[in-house]
Structures are given as structure tokens and as C-alpha cells.
file my_file.txt (compact mmCIF, N, CA and C atoms)
# COMPACT_ATOMS: atom_id res chain seq x y z
N MET F 19 -17.19 0.37 4.21
CA MET F 19 -16.20 0.99 5.06
C MET F 19 -15.13 -0.03 5.47
N GLY F 20 -15.54 -1.26 5.66
CA GLY F 20 -14.59 -2.31 6.01
C GLY F 20 -13.61 -2.59 4.88
N ALA F 21 -14.10 -2.55 3.63
CA ALA F 21 -13.22 -2.78 2.49
C ALA F 21 -12.18 -1.66 2.37
N LEU F 22 -12.58 -0.44 2.66
CA LEU F 22 -11.65 0.68 2.60
C LEU F 22 -10.58 0.55 3.69
N ALA F 23 -10.98 0.18 4.89
CA ALA F 23 -10.02 -0.01 5.98
C ALA F 23 -9.06 -1.15 5.68
N THR F 24 -9.57 -2.22 5.12
CA THR F 24 -8.72 -3.36 4.75
C THR F 24 -7.74 -2.98 3.66
N THR F 25 -8.19 -2.19 2.69
CA THR F 25 -7.32 -1.73 1.62
C THR F 25 -6.17 -0.90 2.18
N LEU F 26 -6.47 0.03 3.08
CA LEU F 26 -5.43 0.87 3.67
C LEU F 26 -4.46 0.06 4.51
N ALA F 27 -4.96 -0.90 5.28
CA ALA F 27 -4.09 -1.74 6.10
C ALA F 27 -3.19 -2.62 5.24
N LEU F 28 -3.73 -3.16 4.17
CA LEU F 28 -2.95 -4.01 3.28
C LEU F 28 -1.88 -3.20 2.56
N ALA F 29 -2.22 -2.00 2.11
CA ALA F 29 -1.23 -1.15 1.44
C ALA F 29 -0.11 -0.76 2.40
N HIS F 30 -0.45 -0.50 3.64
CA HIS F 30 0.57 -0.18 4.64
C HIS F 30 1.49 -1.37 4.88
N ALA F 31 0.92 -2.56 4.95
CA ALA F 31 1.72 -3.76 5.17
C ALA F 31 2.64 -4.05 3.99
N VAL F 32 2.19 -3.78 2.79
CA VAL F 32 3.01 -4.05 1.61
C VAL F 32 4.12 -3.01 1.46
N ALA F 33 3.83 -1.75 1.80
CA ALA F 33 4.79 -0.67 1.59
C ALA F 33 5.91 -0.65 2.63
N ARG F 34 5.67 -1.15 3.81
CA ARG F 34 6.72 -1.08 4.83
C ARG F 34 7.81 -2.11 4.55
N PRO F 35 9.02 -1.87 5.06
CA PRO F 35 10.12 -2.80 4.81
C PRO F 35 9.90 -4.13 5.51
N ARG F 36 10.49 -5.16 4.93
CA ARG F 36 10.39 -6.49 5.54
C ARG F 36 11.28 -6.55 6.77
N ARG F 37 10.89 -7.37 7.71
CA ARG F 37 11.72 -7.58 8.89
C ARG F 37 12.92 -8.44 8.52
N PRO F 38 14.08 -8.10 9.03
CA PRO F 38 15.25 -8.93 8.70
C PRO F 38 15.13 -10.31 9.35
N THR F 39 15.63 -11.29 8.64
CA THR F 39 15.62 -12.64 9.20
C THR F 39 16.79 -12.79 10.14
N ILE F 40 16.59 -13.51 11.19
CA ILE F 40 17.64 -13.71 12.18
C ILE F 40 18.19 -15.11 11.98
N GLY F 41 19.45 -15.16 11.61
CA GLY F 41 20.12 -16.44 11.44
C GLY F 41 19.78 -17.11 10.12
N PRO F 42 20.35 -18.26 9.89
CA PRO F 42 20.10 -18.98 8.64
C PRO F 42 18.70 -19.58 8.63
N PRO F 43 18.20 -19.91 7.46
CA PRO F 43 16.88 -20.54 7.40
C PRO F 43 16.92 -21.91 8.05
N SER F 44 15.80 -22.34 8.59
CA SER F 44 15.79 -23.65 9.23
C SER F 44 15.59 -24.71 8.16
N LEU F 45 16.61 -25.49 7.95
CA LEU F 45 16.61 -26.55 6.94
C LEU F 45 16.96 -27.87 7.60
N PRO F 46 16.68 -28.96 6.95
CA PRO F 46 17.13 -30.25 7.48
C PRO F 46 18.65 -30.26 7.61
N ALA F 47 19.16 -31.06 8.52
CA ALA F 47 20.59 -31.06 8.84
C ALA F 47 21.46 -31.33 7.62
N GLY F 48 21.07 -32.19 6.72
CA GLY F 48 21.88 -32.52 5.56
C GLY F 48 21.93 -31.43 4.52
N ARG F 49 21.04 -30.46 4.59
CA ARG F 49 20.98 -29.40 3.58
C ARG F 49 21.86 -28.20 3.94
N ARG F 50 22.24 -28.06 5.18
CA ARG F 50 22.99 -26.87 5.57
C ARG F 50 24.30 -26.70 4.80
N PRO F 51 25.11 -27.73 4.60
CA PRO F 51 26.35 -27.52 3.84
C PRO F 51 26.10 -27.07 2.41
N ALA F 52 25.06 -27.56 1.77
CA ALA F 52 24.76 -27.17 0.40
C ALA F 52 24.39 -25.70 0.34
N VAL F 53 23.66 -25.23 1.31
CA VAL F 53 23.27 -23.83 1.34
C VAL F 53 24.49 -22.95 1.57
N ARG F 54 25.34 -23.33 2.51
CA ARG F 54 26.53 -22.53 2.81
C ARG F 54 27.47 -22.43 1.63
N LEU F 55 27.62 -23.51 0.89
CA LEU F 55 28.55 -23.52 -0.23
C LEU F 55 27.93 -22.97 -1.52
N GLY F 56 26.62 -22.78 -1.53
CA GLY F 56 25.96 -22.29 -2.73
C GLY F 56 25.85 -23.33 -3.82
N LEU F 57 25.82 -24.59 -3.43
CA LEU F 57 25.72 -25.67 -4.41
C LEU F 57 24.33 -25.75 -5.00
N PRO F 58 24.21 -26.37 -6.17
CA PRO F 58 22.88 -26.55 -6.76
C PRO F 58 21.97 -27.30 -5.81
N GLY F 59 20.75 -26.88 -5.78
CA GLY F 59 19.79 -27.50 -4.88
C GLY F 59 19.64 -26.76 -3.57
N ALA F 60 20.46 -25.75 -3.36
CA ALA F 60 20.34 -24.97 -2.13
C ALA F 60 19.02 -24.21 -2.18
N THR F 61 18.31 -24.17 -1.07
CA THR F 61 16.99 -23.57 -1.06
C THR F 61 16.98 -22.14 -0.55
N HIS F 62 18.13 -21.58 -0.24
CA HIS F 62 18.16 -20.21 0.29
C HIS F 62 18.98 -19.35 -0.66
N ALA F 63 18.34 -18.36 -1.29
CA ALA F 63 19.04 -17.44 -2.19
C ALA F 63 19.48 -16.22 -1.40
N PRO F 64 20.61 -15.61 -1.76
CA PRO F 64 21.02 -14.40 -1.06
C PRO F 64 20.02 -13.28 -1.27
N ARG F 65 19.78 -12.49 -0.23
CA ARG F 65 18.80 -11.40 -0.31
C ARG F 65 19.45 -10.15 -0.84
N ARG F 66 18.66 -9.33 -1.53
CA ARG F 66 19.15 -8.04 -2.02
C ARG F 66 19.11 -7.02 -0.90
N ALA F 67 19.76 -5.91 -1.17
CA ALA F 67 19.73 -4.82 -0.19
C ALA F 67 18.29 -4.32 -0.07
N GLU F 68 17.90 -3.94 1.13
CA GLU F 68 16.51 -3.56 1.40
C GLU F 68 16.11 -2.26 0.74
N GLY F 69 17.02 -1.33 0.58
CA GLY F 69 16.67 -0.01 0.07
C GLY F 69 16.37 0.03 -1.42
N THR F 70 16.70 -1.02 -2.16
CA THR F 70 16.54 -0.97 -3.61
C THR F 70 15.09 -0.93 -4.05
N GLY F 71 14.19 -1.53 -3.32
CA GLY F 71 12.80 -1.58 -3.75
C GLY F 71 11.84 -0.75 -2.93
N ALA F 72 12.35 0.07 -2.03
CA ALA F 72 11.45 0.83 -1.15
C ALA F 72 10.58 1.80 -1.94
N LEU F 73 11.16 2.47 -2.91
CA LEU F 73 10.39 3.42 -3.71
C LEU F 73 9.38 2.69 -4.61
N ALA F 74 9.80 1.57 -5.17
CA ALA F 74 8.89 0.79 -6.02
C ALA F 74 7.72 0.26 -5.21
N ARG F 75 7.99 -0.26 -4.02
CA ARG F 75 6.92 -0.77 -3.16
C ARG F 75 5.95 0.33 -2.79
N ALA F 76 6.48 1.49 -2.42
CA ALA F 76 5.62 2.61 -2.02
C ALA F 76 4.77 3.10 -3.19
N ALA F 77 5.36 3.19 -4.37
CA ALA F 77 4.61 3.66 -5.53
C ALA F 77 3.52 2.66 -5.92
N LEU F 78 3.82 1.38 -5.88
CA LEU F 78 2.82 0.37 -6.24
C LEU F 78 1.74 0.26 -5.17
N ALA F 79 2.09 0.44 -3.91
CA ALA F 79 1.08 0.45 -2.85
C ALA F 79 0.17 1.66 -3.00
N LEU F 80 0.73 2.80 -3.40
CA LEU F 80 -0.09 3.99 -3.65
C LEU F 80 -1.02 3.77 -4.84
N ALA F 81 -0.52 3.10 -5.88
CA ALA F 81 -1.37 2.79 -7.04
C ALA F 81 -2.51 1.86 -6.61
N TYR F 82 -2.22 0.92 -5.72
CA TYR F 82 -3.26 0.02 -5.22
C TYR F 82 -4.32 0.81 -4.44
N VAL F 83 -3.88 1.71 -3.57
CA VAL F 83 -4.83 2.48 -2.76
C VAL F 83 -5.69 3.38 -3.63
N THR F 84 -5.10 4.02 -4.62
CA THR F 84 -5.90 4.92 -5.46
C THR F 84 -6.86 4.14 -6.36
N THR F 85 -6.43 2.97 -6.83
CA THR F 85 -7.30 2.18 -7.69
C THR F 85 -8.49 1.62 -6.92
N ALA F 86 -8.26 1.14 -5.71
CA ALA F 86 -9.34 0.54 -4.94
C ALA F 86 -9.98 1.51 -3.96
N GLY F 87 -9.19 2.37 -3.34
CA GLY F 87 -9.69 3.22 -2.27
C GLY F 87 -10.69 4.27 -2.69
N ARG F 88 -10.45 4.91 -3.82
CA ARG F 88 -11.36 5.97 -4.27
C ARG F 88 -12.77 5.44 -4.51
N PRO F 89 -12.95 4.34 -5.27
CA PRO F 89 -14.31 3.82 -5.45
C PRO F 89 -14.93 3.31 -4.14
N PHE F 90 -14.10 2.73 -3.26
CA PHE F 90 -14.62 2.26 -1.98
C PHE F 90 -15.12 3.42 -1.14
N LEU F 91 -14.38 4.53 -1.14
CA LEU F 91 -14.80 5.70 -0.38
C LEU F 91 -16.10 6.27 -0.93
N HIS F 92 -16.22 6.37 -2.24
CA HIS F 92 -17.45 6.89 -2.84
C HIS F 92 -18.64 5.99 -2.51
N ALA F 93 -18.43 4.67 -2.56
CA ALA F 93 -19.52 3.75 -2.24
C ALA F 93 -19.88 3.79 -0.76
N ALA F 94 -18.90 4.04 0.10
CA ALA F 94 -19.19 4.13 1.53
C ALA F 94 -19.99 5.40 1.85
N LEU F 95 -19.70 6.48 1.15
CA LEU F 95 -20.42 7.73 1.39
C LEU F 95 -21.83 7.72 0.80
N ASN F 96 -22.01 7.04 -0.33
CA ASN F 96 -23.32 6.98 -0.98
C ASN F 96 -23.51 5.56 -1.52
N PRO F 97 -24.08 4.66 -0.73
CA PRO F 97 -24.17 3.25 -1.13
C PRO F 97 -25.26 2.97 -2.17
N SER F 98 -25.15 3.58 -3.32
CA SER F 98 -26.11 3.33 -4.40
C SER F 98 -25.59 2.17 -5.27
N PRO F 99 -26.47 1.50 -6.00
CA PRO F 99 -26.03 0.37 -6.82
C PRO F 99 -24.94 0.71 -7.84
N PRO F 100 -25.02 1.84 -8.57
CA PRO F 100 -23.93 2.12 -9.52
C PRO F 100 -22.58 2.34 -8.85
N LEU F 101 -22.58 3.02 -7.70
CA LEU F 101 -21.31 3.25 -7.01
C LEU F 101 -20.78 1.97 -6.38
N THR F 102 -21.66 1.11 -5.94
CA THR F 102 -21.22 -0.18 -5.40
C THR F 102 -20.62 -1.04 -6.51
N GLN F 103 -21.24 -1.04 -7.68
CA GLN F 103 -20.71 -1.79 -8.82
C GLN F 103 -19.35 -1.23 -9.22
N ARG F 104 -19.21 0.09 -9.23
CA ARG F 104 -17.93 0.71 -9.55
C ARG F 104 -16.86 0.35 -8.51
N ALA F 105 -17.28 0.26 -7.24
CA ALA F 105 -16.33 -0.10 -6.19
C ALA F 105 -15.86 -1.54 -6.34
N VAL F 106 -16.76 -2.45 -6.70
CA VAL F 106 -16.38 -3.84 -6.90
C VAL F 106 -15.41 -3.95 -8.09
N GLY F 107 -15.72 -3.24 -9.17
CA GLY F 107 -14.82 -3.24 -10.32
C GLY F 107 -13.47 -2.65 -9.99
N GLY F 108 -13.45 -1.58 -9.21
CA GLY F 108 -12.18 -0.98 -8.79
C GLY F 108 -11.38 -1.92 -7.91
N GLY F 109 -12.07 -2.66 -7.04
CA GLY F 109 -11.37 -3.62 -6.20
C GLY F 109 -10.77 -4.76 -7.00
N ILE F 110 -11.47 -5.19 -8.04
CA ILE F 110 -10.95 -6.26 -8.89
C ILE F 110 -9.76 -5.74 -9.70
N ARG F 111 -9.88 -4.55 -10.27
CA ARG F 111 -8.76 -3.98 -11.04
C ARG F 111 -7.57 -3.67 -10.15
N ALA F 112 -7.80 -3.41 -8.87
CA ALA F 112 -6.72 -3.09 -7.95
C ALA F 112 -5.86 -4.30 -7.62
N LEU F 113 -6.31 -5.49 -7.97
CA LEU F 113 -5.49 -6.67 -7.72
C LEU F 113 -4.20 -6.64 -8.55
N ILE F 114 -4.21 -5.97 -9.69
CA ILE F 114 -3.01 -5.90 -10.52
C ILE F 114 -1.91 -5.10 -9.82
N PRO F 115 -2.16 -3.85 -9.37
CA PRO F 115 -1.08 -3.17 -8.64
C PRO F 115 -0.73 -3.84 -7.31
N LEU F 116 -1.69 -4.52 -6.69
CA LEU F 116 -1.37 -5.24 -5.46
C LEU F 116 -0.40 -6.38 -5.74
N GLN F 117 -0.64 -7.14 -6.80
CA GLN F 117 0.28 -8.22 -7.16
C GLN F 117 1.65 -7.67 -7.52
N ALA F 118 1.68 -6.53 -8.21
CA ALA F 118 2.96 -5.91 -8.55
C ALA F 118 3.70 -5.46 -7.28
N ALA F 119 2.98 -4.90 -6.32
CA ALA F 119 3.61 -4.48 -5.06
C ALA F 119 4.13 -5.67 -4.28
N LEU F 120 3.38 -6.76 -4.28
CA LEU F 120 3.85 -7.96 -3.58
C LEU F 120 5.08 -8.55 -4.27
N ALA F 121 5.12 -8.50 -5.61
CA ALA F 121 6.30 -8.98 -6.32
C ALA F 121 7.51 -8.10 -6.01
N ALA F 122 7.30 -6.79 -5.95
CA ALA F 122 8.40 -5.88 -5.61
C ALA F 122 8.87 -6.11 -4.17
N ARG F 123 7.94 -6.41 -3.30
CA ARG F 123 8.31 -6.67 -1.90
C ARG F 123 9.16 -7.92 -1.77
N SER F 124 8.90 -8.91 -2.62
CA SER F 124 9.69 -10.14 -2.55
C SER F 124 11.03 -10.00 -3.27
N GLY F 125 11.26 -8.88 -3.98
CA GLY F 125 12.53 -8.66 -4.64
C GLY F 125 12.51 -8.95 -6.12
N SER F 126 11.39 -9.33 -6.67
CA SER F 126 11.28 -9.64 -8.08
C SER F 126 10.78 -8.40 -8.83
N PHE F 127 11.71 -7.48 -9.13
CA PHE F 127 11.32 -6.21 -9.72
C PHE F 127 10.91 -6.35 -11.18
N GLY F 128 11.47 -7.31 -11.89
CA GLY F 128 11.05 -7.55 -13.27
C GLY F 128 9.61 -8.00 -13.35
N SER F 129 9.23 -8.91 -12.48
CA SER F 129 7.84 -9.37 -12.43
C SER F 129 6.90 -8.25 -12.00
N ALA F 130 7.37 -7.41 -11.08
CA ALA F 130 6.55 -6.28 -10.63
C ALA F 130 6.31 -5.30 -11.77
N LEU F 131 7.33 -5.07 -12.58
CA LEU F 131 7.19 -4.15 -13.71
C LEU F 131 6.23 -4.71 -14.75
N VAL F 132 6.34 -6.00 -15.03
CA VAL F 132 5.44 -6.63 -16.00
C VAL F 132 4.00 -6.57 -15.50
N ALA F 133 3.79 -6.89 -14.23
CA ALA F 133 2.43 -6.87 -13.68
C ALA F 133 1.87 -5.45 -13.67
N ALA F 134 2.68 -4.47 -13.31
CA ALA F 134 2.20 -3.09 -13.27
C ALA F 134 1.88 -2.57 -14.67
N SER F 135 2.57 -3.06 -15.67
CA SER F 135 2.31 -2.60 -17.04
C SER F 135 0.96 -3.09 -17.57
N LEU F 136 0.37 -4.07 -16.91
CA LEU F 136 -0.94 -4.58 -17.34
C LEU F 136 -2.10 -3.72 -16.85
N ALA F 137 -1.88 -2.84 -15.89
CA ALA F 137 -2.96 -2.04 -15.32
C ALA F 137 -3.66 -1.14 -16.34
N PRO F 138 -2.94 -0.41 -17.22
CA PRO F 138 -3.66 0.41 -18.20
C PRO F 138 -4.52 -0.42 -19.15
N ALA F 139 -4.04 -1.59 -19.54
CA ALA F 139 -4.84 -2.45 -20.42
C ALA F 139 -6.09 -2.92 -19.70
N ALA F 140 -5.98 -3.25 -18.43
CA ALA F 140 -7.14 -3.70 -17.67
C ALA F 140 -8.17 -2.57 -17.55
N ARG F 141 -7.69 -1.37 -17.37
CA ARG F 141 -8.61 -0.22 -17.27
C ARG F 141 -9.34 0.00 -18.60
N ARG F 142 -8.60 -0.14 -19.71
CA ARG F 142 -9.21 0.05 -21.02
C ARG F 142 -10.22 -1.05 -21.31
N PHE F 143 -9.89 -2.29 -21.00
CA PHE F 143 -10.81 -3.40 -21.26
C PHE F 143 -12.02 -3.37 -20.33
N ALA F 144 -11.87 -2.79 -19.14
CA ALA F 144 -12.98 -2.72 -18.20
C ALA F 144 -14.08 -1.80 -18.72
N ARG F 145 -13.73 -0.88 -19.61
CA ARG F 145 -14.75 -0.01 -20.18
C ARG F 145 -15.63 -0.74 -21.20
N ARG F 146 -15.06 -1.79 -21.81
CA ARG F 146 -15.81 -2.54 -22.82
C ARG F 146 -16.56 -3.72 -22.23
N VAL F 147 -15.95 -4.40 -21.27
CA VAL F 147 -16.53 -5.60 -20.68
C VAL F 147 -16.58 -5.40 -19.17
N SER F 148 -17.70 -5.74 -18.56
CA SER F 148 -17.82 -5.61 -17.10
C SER F 148 -16.90 -6.61 -16.42
N VAL F 149 -16.11 -6.12 -15.46
CA VAL F 149 -15.18 -7.01 -14.76
C VAL F 149 -15.90 -7.86 -13.71
N THR F 150 -17.11 -7.49 -13.37
CA THR F 150 -17.83 -8.27 -12.37
C THR F 150 -18.66 -9.31 -13.10

call {"tool": "encode", "arguments": {"input": "my_file.txt", "output": "C-alpha cells"}}
result
Amino acid sequence: MGALATTLALAHAVARPRRPTIGPPSLPAGRRPAVRLGLPGATHAPRRAEGTGALARAALALAYVTTAGRPFLHAALNPSPPLTQRAVGGGIRALIPLQAALAARSGSFGSALVAASLAPAARRFARRVSVT
């Protein structure tokens, strides 16, 4: 039951929008001009608009919840060894959509797409080899 609650809380945290940063990043005094001018070596990249990835984050968070939540719920209702093993495998396979959702949350949509495309292969290989 704790794993299911943690899964739901984590999916909620990933799907919600990020809080806006207030002011410039805190950098050493000598680095501020480089960041302002956009010179090489600047450590602060401009942020994208927040609305561009909201749908991607929500969809990937939903994929995470369905991949991990369903087996966790079944194991919580009937804690038998086969259902517990299935829940552990589902939790391990759910790391792929979780990583994709975290990549989308950070603004790296290409990486999120690549990570999400690995989920069907992981599901297929999990049938042949035990993930645990």
C-alpha cells in the first residue's frame, strides 16, 4: 500500500508545473556578466515556455501510474507471491516512463521521447527474462 501511495504522489509531483524561479540564478560575482551576455561558459540557459510540455508530462506521468500502480494495487489487495513478483516487475518497468516524465519536466522533450519509446521493448523482453 505504501508503494502505491508513493507512486501516486510521485506522479502528481512530476505532472504538475514547475515553480517559476525568482530572479537570476545565484552565481559567483565574476560569472554574472557572462550569463547576462550569453557568452560561452554561461551556466544558465534560457527556459522554455511552461505550457509546451504540460501535456507530455501528464501523459508520461499517467503511463508511469498505470505501469506501476495497477500491479501495486493488485498486490495490495491480494498479497500472494505471484502478484508481489508481478508488482516488483511492474515497478521496475515503470522506471522508464518515470525517467521520460522527468526528462519532459526538465524541458528535454527529445530525451523524453527516446526514453518513452523504450517502454514497449522492455515489456516484450520482460516476458522472456525476469526483470527481478

call {"tool": "atom_distance", "arguments": {"input": "my_file.txt", "atom1": "atom C of Ala94 of chain F", "atom2": "atom N of Thr24 of chain F"}}
result
13.3 Å

call {"tool": "atom_distance", "arguments": {"input": "my_file.txt", "atom1": "atom CA of Ala29 of chain F", "atom2": "atom CA of Ala139 of chain F"}}
result
22.2 Å

call {"tool": "atom_distance", "arguments": {"input": "my_file.txt", "atom1": "atom N of Thr85 of chain F", "atom2": "atom C of Leu136 of chain F"}}
result
12.8 Å

call {"tool": "closest_residue", "arguments": {"input": "my_file.txt", "among": "F:Arg34, F:Val106, F:Pro115, F:Pro99", "to": "Ala137 of chain F", "atoms": "only N, CA and C atoms"}}
result
F:Pro115

call {"tool": "residues_around", "arguments": {"input": "my_file.txt", "residues": "Leu91 of chain F", "least_positions_apart": "4", "cutoff": "8 Å", "atoms": "only N, CA and C atoms", "output": "mmCIF file with N, CA and C atoms, in the frame of the given file"}}
result
data_model
loop_
_atom_site.group_PDB
_atom_site.id
_atom_site.type_symbol
_atom_site.label_atom_id
_atom_site.label_comp_id
_atom_site.auth_asym_id
_atom_site.auth_seq_id
_atom_site.Cartn_x
_atom_site.Cartn_y
_atom_site.Cartn_z
ATOM 1 N N MET F 19 -17.190 0.370 4.210
ATOM 2 C CA MET F 19 -16.200 0.990 5.060
ATOM 3 C C MET F 19 -15.130 -0.030 5.470
ATOM 4 N N ALA F 21 -14.100 -2.550 3.630
ATOM 5 C CA ALA F 21 -13.220 -2.780 2.490
ATOM 6 C C ALA F 21 -12.180 -1.660 2.370
ATOM 7 N N LEU F 22 -12.580 -0.440 2.660
ATOM 8 C CA LEU F 22 -11.650 0.680 2.600
ATOM 9 C C LEU F 22 -10.580 0.550 3.690
ATOM 10 N N ALA F 86 -8.260 1.140 -5.710
ATOM 11 C CA ALA F 86 -9.340 0.540 -4.940
ATOM 12 C C ALA F 86 -9.980 1.510 -3.960
ATOM 13 N N GLY F 87 -9.190 2.370 -3.340
ATOM 14 C CA GLY F 87 -9.690 3.220 -2.270
ATOM 15 C C GLY F 87 -10.690 4.270 -2.690
ATOM 16 N N LEU F 95 -19.700 6.480 1.150
ATOM 17 C CA LEU F 95 -20.420 7.730 1.390
ATOM 18 C C LEU F 95 -21.830 7.720 0.800
ATOM 19 N N ASN F 96 -22.010 7.040 -0.330
ATOM 20 C CA ASN F 96 -23.320 6.980 -0.980
ATOM 21 C C ASN F 96 -23.510 5.560 -1.520
ATOM 22 N N ALA F 105 -17.280 0.260 -7.240
ATOM 23 C CA ALA F 105 -16.330 -0.100 -6.190
ATOM 24 C C ALA F 105 -15.860 -1.540 -6.340
#

call {"tool": "closest_atom_pairs", "arguments": {"input": "my_file.txt", "of": "segment 88-148 of chain F", "to": "segment 72-80 of chain F", "cutoff": "6.5 Å", "atoms": "all atoms listed in the file", "output": "JSON lines"}}
result
{"residue": "F:Pro115", "atom": "C", "partner": "F:Leu78", "partner_atom": "C", "distance": 5.2}
{"residue": "F:Leu116", "atom": "N", "partner": "F:Leu78", "partner_atom": "C", "distance": 6.1}
{"residue": "F:Ala118", "atom": "C", "partner": "F:Leu78", "partner_atom": "CA", "distance": 6.0}
{"residue": "F:Ala119", "atom": "CA", "partner": "F:Leu78", "partner_atom": "CA", "distance": 5.1}
{"residue": "F:Ala122", "atom": "C", "partner": "F:Arg75", "partner_atom": "CA", "distance": 5.8}
{"residue": "F:Arg123", "atom": "N", "partner": "F:Arg75", "partner_atom": "CA", "distance": 5.7}

call {"tool": "residues_around", "arguments": {"input": "my_file.txt", "residues": "Gln103 of chain F", "least_positions_apart": "4", "cutoff": "9 Å", "atoms": "only C-alpha atoms", "output": "list in words"}}
result
Ala93, Ser98, Pro99, Gly107, Gly108 and Thr150 of chain F

call {"tool": "residues_around", "arguments": {"input": "my_file.txt", "residues": "Gln117 of chain F", "least_positions_apart": "4", "cutoff": "6.5 Å", "atoms": "only N, CA and C atoms", "output": "NGL selection string"}}
result
:F and (112-113 or 121-122 or 130 or 133)

call {"tool": "residues_near_point", "arguments": {"input": "my_file.txt", "point": "(-6.3, -7.2, -14.9)", "cutoff": "6 Å", "atoms": "all atoms listed in the file", "output": "mmCIF file with N, CA and C atoms, keeping the file's coordinate frame"}}
result
data_model
loop_
_atom_site.group_PDB
_atom_site.id
_atom_site.type_symbol
_atom_site.label_atom_id
_atom_site.label_comp_id
_atom_site.auth_asym_id
_atom_site.auth_seq_id
_atom_site.Cartn_x
_atom_site.Cartn_y
_atom_site.Cartn_z
ATOM 1 N N ARG F 111 -9.880 -4.550 -10.270
ATOM 2 C CA ARG F 111 -8.760 -3.980 -11.040
ATOM 3 C C ARG F 111 -7.570 -3.670 -10.150
ATOM 4 N N ILE F 114 -4.210 -5.970 -9.690
ATOM 5 C CA ILE F 114 -3.010 -5.900 -10.520
ATOM 6 C C ILE F 114 -1.910 -5.100 -9.820
ATOM 7 N N LEU F 136 0.370 -4.070 -16.910
ATOM 8 C CA LEU F 136 -0.940 -4.580 -17.340
ATOM 9 C C LEU F 136 -2.100 -3.720 -16.850
ATOM 10 N N ALA F 140 -5.980 -3.250 -18.430
ATOM 11 C CA ALA F 140 -7.140 -3.700 -17.670
ATOM 12 C C ALA F 140 -8.170 -2.570 -17.550
#
